[in-house]
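Undergrad: The structure is given below, and queries will be raised subsequently.
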Amino acid sequence: MTSDHDVIIVGAGLAGGILAGVLAEGGRRALLLERGRALAYSDIPSDHLRNHRLTLYGDNTTPDPAGHQRVFIDGAGVPHTVLPHDARYQLNAFTVGGGARVWGMQAWRFHPDDFRMATRYGVPDGSSLADWPIGYADLAPFYERAEHEIGVAGDHAGTTHAPRARDFPLPPVPRSPSAEWLARGADRLGWRTFTPPLAVNTRPYLGRGACIQCAQCIGFACPTDAKNGSHNTLLPRALASGRCTLVTRAHASRILTDGSGQAIGVEYFAPTTTDSATLERRTARAQTIIVSSGAIESARLLLLSASPLQPHGLGNHSDHLGRHVQGHAYPIAYGLLPPDVEPSLLGPGVSVATTQFNHGNPGIIGGAMLANDFVKLPLIFWRQSLPPDTPRWGLANKRAMRDLFRRGIDVRGPVQEIPSPDSRVTLDPAVRDTFGLPVARLSGTTHPETVRTAEFMRARAEEWLRASGAERVWSWPAEKKFSAGQHQAGTCRMSADPRDGVTDPFGRVHGHDHLFVCDGSLHVTNGGFNPALTIMALAFRTAEHLLASP
Amino acid sequence: MSPTPSQLTALRSLLDRIIPADDFPGALAAGTDTYVLRHLLGDGSAGVHLLLGFSQLDAESVARHGPHQTFATLLPSQQDALLADLAAARPMTPWPPQLPAAPWFHRFVELAHEGFYADPANGGNRDAASWGMLGYAPRTTPERAAP
């Protein structure tokens with residue numbers, strides 16, 4: 001055993017990089033374990049069949065898809081062993097920086113009422129809807145810090161759903177003519193729109209260049225490194241401090257505990273030398289352990305770390321660990337721009353949004369932010385965005401592609417899900433990973449209230465396109481399905497009372513003085529927004545809490 | 001296993017109907033057959049069983065139009081009518097139980113468009129022919145990007 005570190009962080013994703021940066025700059029010696037590799041721009045292929053927006057045959061960051069299956073239980077209860085590129089796997093990028101290497105960069109603060117859903121709406125039957133043990137005001141200073149230290153471009157005056165004390169550090173992304181057209185449509189409905197916040201350098205910032213508005217954005221790495229995350233901000237600061245050791249291709253297999261059940265270290269597998277294919281088992285000890293591996297793998301690691309004192313997994317004292325899995329239902333309305341609106345294929349593309357329907361919808365629980373979409377790949381357009389009566393092959397299809405590709409427009413939004421205790425991560429009893437450890441088993445489905453909210457938002461999305469003057473408008477009904485994906489959350493919910501969750505309001509696992517969780521797992525509910533900025537704010541908050549502790 | 005010459009001929013004729021040439025290049029001019037073959041024969045030949053469907057395609061053609069009337073010899077309108085039958089699960093000949101006609105055809109519709117609209121490095125969109133038709137370019141190099 002070595003104890004060269006004060007803190008071990010399992011996962012160098014968006015939260016892990018922030019934890020490492022704040023803690024290392026604050027004087028703590030950090031060991032940062034990351035299952036994936038540190039990838040340069042040129043290491044992340046521009047493959048339109050294998051990327052994080054369309055994973056037809058693979059993706060562009062996963063180092064070793066074989067040997068890291070998950071088991072997905074379908075609606076009929078049948079298990080399916082799935083690889084990372086399968087949609088049922090619920091993949092988020094396994095690489096230094098995590099999903100933020102390839103993300104769409106929407107950097108939203110949650111609405112104040114997103115932290116008090118049960119108080120505002122009551123608890124629907126069969127759901128585990130609950131309030132967060134903290135409120136918006138607790139996170140506001142850390143939202144602000146994330147906006148400035150990660151780099152978020154936004155419209156300070158227009159972003160009014162949550163109180164803001166300070167402007168964004170970067171001016172908002174430019175608007176395309178089609179976004180202006182949508183804004184005029186919203187005006188006709190009396191809906192207020194604004195340019196949404198994106199973590200992108202709209203001008204040079206923090207030593208890196210500006211976005212060049214290329215047309216291969218979400219799902220891919222950024223050619224000018226203008227796509228902001230912890231990999232190009234807080235993590236470099238951690239490494240520059242000299243107090244952070246980053247080990248890549250390091251697979252954590254167990255949190256080690258002592259005879260009293262307290263966490264004392266991490267067991268992991270890592271390459272014998274930097275580029276070796278051979279992995280060896282290692283252990284590392286530290287005063288503090290932070291699990292930051294995403295809602296599925298963080299829950300799995302705590303389950304894998306069962307001890308005689310906690311035979312059902314660390315933090316599973318009240319049977320909440322691995323439950324309440326949430327992502328976002330995503331209603332989409334599609335349409336066609338009228339010929340007099342100039343089409344554009346400029347990235348990132350998301351440049352008009354409304355928060356008119358996040359709350360206060362009669363008879364509906366919660367809601368969603370709505371925005372236009374990212375610049376689309378041709379193949380994604382062919383698969384998803386042609387009008388439903390378009391023939392799927394032949395000249396008619398080709399001409400529809402030619403005529404409509406640049407005129408396609410869609411409006412979509414992340415619907416706040418109503419959590420269900422039966423939507424969960426457990427350990428599979430049969431399937432093992434390459435290290436012989438049980439893989440994550442994903443089961444359960446959407447709560448009916450989520451479907452109702454999604455249908456309400458789908459109708460609003462269609463209404464927006466119609467009011468804007470779209471030539472045609474269509475959409476597809478919401479369905480019940482297991483929901484996690486890139487927005488995965490909820491499996492280690494925080495709670496004031498240990499009976500109600502896995503961690504305390506700072507992410508410290510109840511009953512464990514030295515063990516923390518820090519990622520979307522903590523989210524009691526996942527907001528009607530992309531969750532990344534909330535994950536970042538929690539990371540800053542947990543790190544500062546640790547620095548303030550002896 | 002590699003495709004027989006007659007299977008190859010049928011495959012190219014099929015791709016030519018799924019994405020025909022018009023004012024812009026179709027699947028054949030863009031090399032989409034290269035992509036499809038690479039897909040069928042690569043990755044442990046996972047798709048090689050689909051090749052049998054091309055012999056079935058010729059059998060469908062003969063059943064409709066008489067001896068020696070393989071799929072490639074038909075007029076485009078005849079080819080399209082035959083494919084519409086397959087798409088609607090109305091084959092005239094028995095297909096193997098593990099290779100029903102409609103899913104086989106729909107799989108090639110998917111494969112053809114994947115190759116044709118994906119990045120040129122995947123082999124089915126030579127010289128970014130389809131992207132030229134759409135007015136799409138990734139523009140990921142700073143010097144080529146829009147201002």
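Identifiers in this document derive from the order of the structure tokens: chains are assigned A, B, ..., residues are numbered from 1 separately in each chain, and ligands are numbered from 1 in order of occurrence.
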If the cut-off is 7 Å, can you tell me the residues of chain A near chain B, counting only C-alpha atoms? I'd like them as a list in words.
TA: Asp47, His48, Leu49, Ile212, Cys214, Ala215, Gln216, Pro223, Pro378, Leu379, Trp393, Gly394, Leu395, Lys398, Arg402 and Phe405 of chain A
Undergrad: What lies within 12 Å of Asp64 in chain A using only C-alpha atoms, ignoring chain neighbours under 4 positions off, as a VMD selection string?
TA: chain A and resid 35 to 37 58 to 60 68 to 69 83 to 85 93 to 95 249 251 277 433 to 434
Undergrad: Smallest atom-to-atom distance to Ala543 in chain A: which of A:Arg188, A:Arg28, A:Arg101, A:Arg392, using only C-alpha atoms?
TA: A:Arg28
Undergrad: As a PyMOL selection string, please: the residues near range 8-14 of chain B (cut-off 10 Å, only C-alpha atoms, same-chain neighbours under 6 positions excluded).
TA: chain B and resi 2+20+27-28+31-34+36-37+51+53-58+70-74+76+79-80+83+105+108-109+112
Undergrad: Could those residues be written to a file, using C-alpha atoms, as a PDB file, in the first residue's frame?
TA:
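Result file follows (selection_28.pdb):
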```
ATOM      1  CA  SER B   2     -16.469 -13.611 -51.199  1.00  0.00           C
ATOM      2  CA  PRO B  20     -29.733   6.492 -58.411  1.00  0.00           C
ATOM      3  CA  ALA B  27     -24.291   5.332 -55.091  1.00  0.00           C
ATOM      4  CA  LEU B  28     -22.150   3.729 -57.789  1.00  0.00           C
ATOM      5  CA  GLY B  31     -18.162   4.102 -54.550  1.00  0.00           C
ATOM      6  CA  THR B  32     -20.882   3.086 -52.114  1.00  0.00           C
ATOM      7  CA  ASP B  33     -20.497  -0.533 -53.322  1.00  0.00           C
ATOM      8  CA  THR B  34     -16.982  -0.428 -51.885  1.00  0.00           C
ATOM      9  CA  VAL B  36     -21.101  -2.013 -48.551  1.00  0.00           C
ATOM     10  CA  LEU B  37     -18.697  -4.821 -49.485  1.00  0.00           C
ATOM     11  CA  LEU B  51     -24.805 -12.083 -49.859  1.00  0.00           C
ATOM     12  CA  GLY B  53     -29.941 -12.331 -50.796  1.00  0.00           C
ATOM     13  CA  PHE B  54     -28.441 -11.308 -54.139  1.00  0.00           C
ATOM     14  CA  SER B  55     -29.008 -14.804 -55.525  1.00  0.00           C
ATOM     15  CA  GLN B  56     -32.575 -14.490 -54.216  1.00  0.00           C
ATOM     16  CA  LEU B  57     -32.863 -11.138 -55.951  1.00  0.00           C
ATOM     17  CA  ASP B  58     -32.028 -12.784 -59.283  1.00  0.00           C
ATOM     18  CA  THR B  70     -31.504 -11.424 -63.852  1.00  0.00           C
ATOM     19  CA  PHE B  71     -32.066  -8.301 -61.767  1.00  0.00           C
ATOM     20  CA  ALA B  72     -29.302  -6.387 -63.536  1.00  0.00           C
ATOM     21  CA  THR B  73     -30.892  -6.952 -66.960  1.00  0.00           C
ATOM     22  CA  LEU B  74     -34.240  -5.382 -66.020  1.00  0.00           C
ATOM     23  CA  PRO B  76     -35.093   0.538 -63.968  1.00  0.00           C
ATOM     24  CA  GLN B  79     -36.275  -3.130 -60.899  1.00  0.00           C
ATOM     25  CA  ASP B  80     -38.113  -0.534 -58.813  1.00  0.00           C
ATOM     26  CA  LEU B  83     -37.907  -3.810 -54.968  1.00  0.00           C
ATOM     27  CA  PHE B 105     -33.900  -5.166 -48.489  1.00  0.00           C
ATOM     28  CA  PHE B 108     -29.344  -2.653 -47.746  1.00  0.00           C
ATOM     29  CA  VAL B 109     -31.290   0.595 -47.842  1.00  0.00           C
ATOM     30  CA  ALA B 112     -26.297   2.184 -48.858  1.00  0.00           C
TER      31      ALA B 112
END
```
Undergrad: Write out as an NGL selection string which residues come within 7 Å of range 501-503 of chain A when counting only C-alpha atoms, dropping same-chain ones fewer than 6 positions away.
TA: :A and (315-316 or 318 or 320-321 or 492-495 or 509-510)
Undergrad: Let me see the file: selected residues, N, CA and C atoms, as an mmCIF file, in the first residue's frame.
TA:
```
data_model
loop_
_atom_site.group_PDB
_atom_site.id
_atom_site.type_symbol
_atom_site.label_atom_id
_atom_site.label_comp_id
_atom_site.auth_asym_id
_atom_site.auth_seq_id
_atom_site.Cartn_x
_atom_site.Cartn_y
_atom_site.Cartn_z
ATOM 1 N N GLY A 315 -22.764 2.615 1.246
ATOM 2 C CA GLY A 315 -23.781 3.647 1.062
ATOM 3 C C GLY A 315 -25.167 3.098 0.792
ATOM 4 N N ASN A 316 -25.303 1.777 0.864
ATOM 5 C CA ASN A 316 -26.619 1.189 0.555
ATOM 6 C C ASN A 316 -27.392 0.863 1.826
ATOM 7 N N SER A 318 -29.786 2.325 3.204
ATOM 8 C CA SER A 318 -31.238 2.534 3.160
ATOM 9 C C SER A 318 -31.824 2.144 1.799
ATOM 10 N N HIS A 320 -31.110 2.864 -1.269
ATOM 11 C CA HIS A 320 -31.256 3.860 -2.335
ATOM 12 C C HIS A 320 -30.165 3.735 -3.395
ATOM 13 N N LEU A 321 -29.053 3.064 -3.063
ATOM 14 C CA LEU A 321 -27.923 3.014 -3.993
ATOM 15 C C LEU A 321 -28.327 2.333 -5.303
ATOM 16 N N CYS A 492 -27.042 7.907 -6.579
ATOM 17 C CA CYS A 492 -26.490 8.076 -5.220
ATOM 18 C C CYS A 492 -27.055 9.367 -4.653
ATOM 19 N N ARG A 493 -28.368 9.474 -4.656
ATOM 20 C CA ARG A 493 -29.004 10.751 -4.328
ATOM 21 C C ARG A 493 -28.556 11.264 -2.957
ATOM 22 N N MET A 494 -28.413 12.576 -2.873
ATOM 23 C CA MET A 494 -28.038 13.191 -1.600
ATOM 24 C C MET A 494 -29.292 13.400 -0.749
ATOM 25 N N SER A 495 -29.093 13.388 0.555
ATOM 26 C CA SER A 495 -30.229 13.573 1.467
ATOM 27 C C SER A 495 -29.709 14.090 2.799
ATOM 28 N N VAL A 509 -20.682 10.052 1.647
ATOM 29 C CA VAL A 509 -21.550 8.895 1.824
ATOM 30 C C VAL A 509 -21.938 8.798 3.296
ATOM 31 N N HIS A 510 -23.220 8.710 3.549
ATOM 32 C CA HIS A 510 -23.718 8.657 4.931
ATOM 33 C C HIS A 510 -22.987 7.558 5.703
#
```
Undergrad: What parts of range 210-380 of chain A does DSSP call strand (DSSP E)? I'd like the answer as an mmCIF file with C-alpha atoms, in the first residue's frame.
TA:
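Generated output (part_6.cif):
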```cif
data_model
loop_
_atom_site.group_PDB
_atom_site.id
_atom_site.type_symbol
_atom_site.label_atom_id
_atom_site.label_comp_id
_atom_site.auth_asym_id
_atom_site.auth_seq_id
_atom_site.Cartn_x
_atom_site.Cartn_y
_atom_site.Cartn_z
ATOM 1 C CA CYS A 244 -1.851 15.699 -9.015
ATOM 2 C CA THR A 245 -0.928 12.312 -10.447
ATOM 3 C CA LEU A 246 -3.114 11.243 -13.353
ATOM 4 C CA VAL A 247 -3.136 7.523 -14.166
ATOM 5 C CA THR A 248 -4.976 6.636 -17.359
ATOM 6 C CA HIS A 251 -9.911 0.650 -13.776
ATOM 7 C CA ALA A 252 -11.089 0.952 -10.185
ATOM 8 C CA SER A 253 -12.382 -2.377 -8.959
ATOM 9 C CA ARG A 254 -13.082 -1.772 -5.269
ATOM 10 C CA ILE A 255 -13.149 0.835 -2.522
ATOM 11 C CA LEU A 256 -11.080 -0.625 0.307
ATOM 12 C CA THR A 257 -12.472 -0.344 3.823
ATOM 13 C CA ALA A 263 -12.918 3.837 3.302
ATOM 14 C CA ILE A 264 -9.129 3.768 3.275
ATOM 15 C CA GLY A 265 -8.137 3.274 -0.330
ATOM 16 C CA VAL A 266 -8.891 2.026 -3.821
ATOM 17 C CA GLU A 267 -7.990 -1.177 -5.582
ATOM 18 C CA TYR A 268 -7.517 -0.737 -9.320
ATOM 19 C CA PHE A 269 -6.036 -2.272 -12.433
ATOM 20 C CA ALA A 270 -3.571 -0.193 -14.423
ATOM 21 C CA PRO A 271 -0.973 -0.781 -17.161
ATOM 22 C CA LEU A 279 -2.717 -4.505 -16.544
ATOM 23 C CA GLU A 280 -1.651 -5.161 -12.979
ATOM 24 C CA ARG A 281 -3.622 -4.980 -9.770
ATOM 25 C CA ARG A 282 -2.645 -2.076 -7.523
ATOM 26 C CA THR A 283 -3.883 -0.479 -4.368
ATOM 27 C CA ALA A 284 -3.570 3.116 -3.236
ATOM 28 C CA ARG A 285 -4.493 4.634 0.109
ATOM 29 C CA THR A 288 -10.280 10.863 1.240
ATOM 30 C CA ILE A 289 -11.802 8.825 -1.598
ATOM 31 C CA ILE A 290 -14.098 10.461 -4.160
ATOM 32 C CA VAL A 291 -16.061 8.351 -6.635
ATOM 33 C CA ILE A 332 -38.535 16.728 -30.593
ATOM 34 C CA ALA A 333 -40.704 18.547 -33.138
ATOM 35 C CA TYR A 334 -39.396 18.580 -36.695
ATOM 36 C CA GLY A 335 -40.235 21.021 -39.416
ATOM 37 C CA LEU A 336 -39.143 22.669 -42.644
ATOM 38 C CA ALA A 353 -34.059 28.794 -26.235
ATOM 39 C CA THR A 354 -37.044 29.348 -24.003
ATOM 40 C CA LEU A 370 -36.765 24.091 -25.368
ATOM 41 C CA ALA A 371 -34.090 25.025 -27.895
ATOM 42 C CA ASN A 372 -33.149 24.532 -31.522
#
```
Undergrad: Would you list the contacts of Leu91 in chain A as a list in words, taking every protein, DNA or RNA residue within 9 Å and counting only C-alpha atoms, but skipping same-chain residues closer than 4 positions in sequence?
TA: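 That gives His52, Pro84, His85, Asp86, Ala87, Ala484, Gly485 and Gln486 of chain A.
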Undergrad: One number please: CA of Pro362 in chain A to CA of Ala162 in chain A, in Å, one decimal.
TA: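 Separating CA of Pro362 in chain A from CA of Ala162 in chain A is a distance of 20.8 Å.
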Undergrad: With distances taken over only C-alpha atoms, which of A:Arg541, A:Arg323, A:Arg466, A:Arg237 is nearest to Gly490 in chain A?
TA: A:Arg323
Undergrad: For Glu60 in chain B, which residue among B:Asn125, B:Thr93, B:Ser6, B:Gln98 is the nearest when counting only C-alpha atoms?
TA: B:Thr93
Undergrad: Please provide as a PyMOL selection string all residues within 7 Å of Leu235 in chain A, with the sequence filter that same-chain residues fewer than 5 positions apart are discarded (counting only C-alpha atoms).
TA: chain A and resi 17-18+20-21+230
Undergrad: Give me, as a Markdown table, each residue of range 181-237 of chain A that comes within 10 Å of range 513-537 of chain A, together with its shortest interatomic pair and the distance in Å at one decimal, counting only C-alpha atoms, with rows ordered by chain and rising residue number.
TA:
```
| residue | atom | partner | partner_atom | distance |
| --- | --- | --- | --- | --- |
| A:Leu198 | CA | A:Leu533 | CA | 9.9 |
| A:Ala199 | CA | A:Leu533 | CA | 9.1 |
| A:Gly229 | CA | A:Met536 | CA | 9.2 |
| A:Ser230 | CA | A:Met536 | CA | 8.7 |
```
Undergrad: Please identify which residues in chain B DSSP calls alpha helix (DSSP H) from the backbone, and express them as an MDAnalysis selection string.
TA: chainID B and resid 5:18 32:45 52:65 76:87 101:117 129:134
Undergrad: Can you pull out the residues contacting Glu544 in chain A? Cut-off 8 Å, using only C-alpha atoms, and skip same-chain residues under 3 positions away; I want them as an mmCIF file with C-alpha atoms, in the first residue's frame.
TA:
```cif
data_model
loop_
_atom_site.group_PDB
_atom_site.id
_atom_site.type_symbol
_atom_site.label_atom_id
_atom_site.label_comp_id
_atom_site.auth_asym_id
_atom_site.auth_seq_id
_atom_site.Cartn_x
_atom_site.Cartn_y
_atom_site.Cartn_z
ATOM 1 C CA VAL A 22 -9.376 22.733 -6.769
ATOM 2 C CA LEU A 23 -7.926 20.195 -4.343
ATOM 3 C CA PHE A 540 -16.538 22.974 -6.967
ATOM 4 C CA ARG A 541 -18.711 22.904 -3.851
ATOM 5 C CA LEU A 547 -10.483 22.144 1.636
ATOM 6 C CA ALA A 548 -12.326 23.769 4.520
#
```
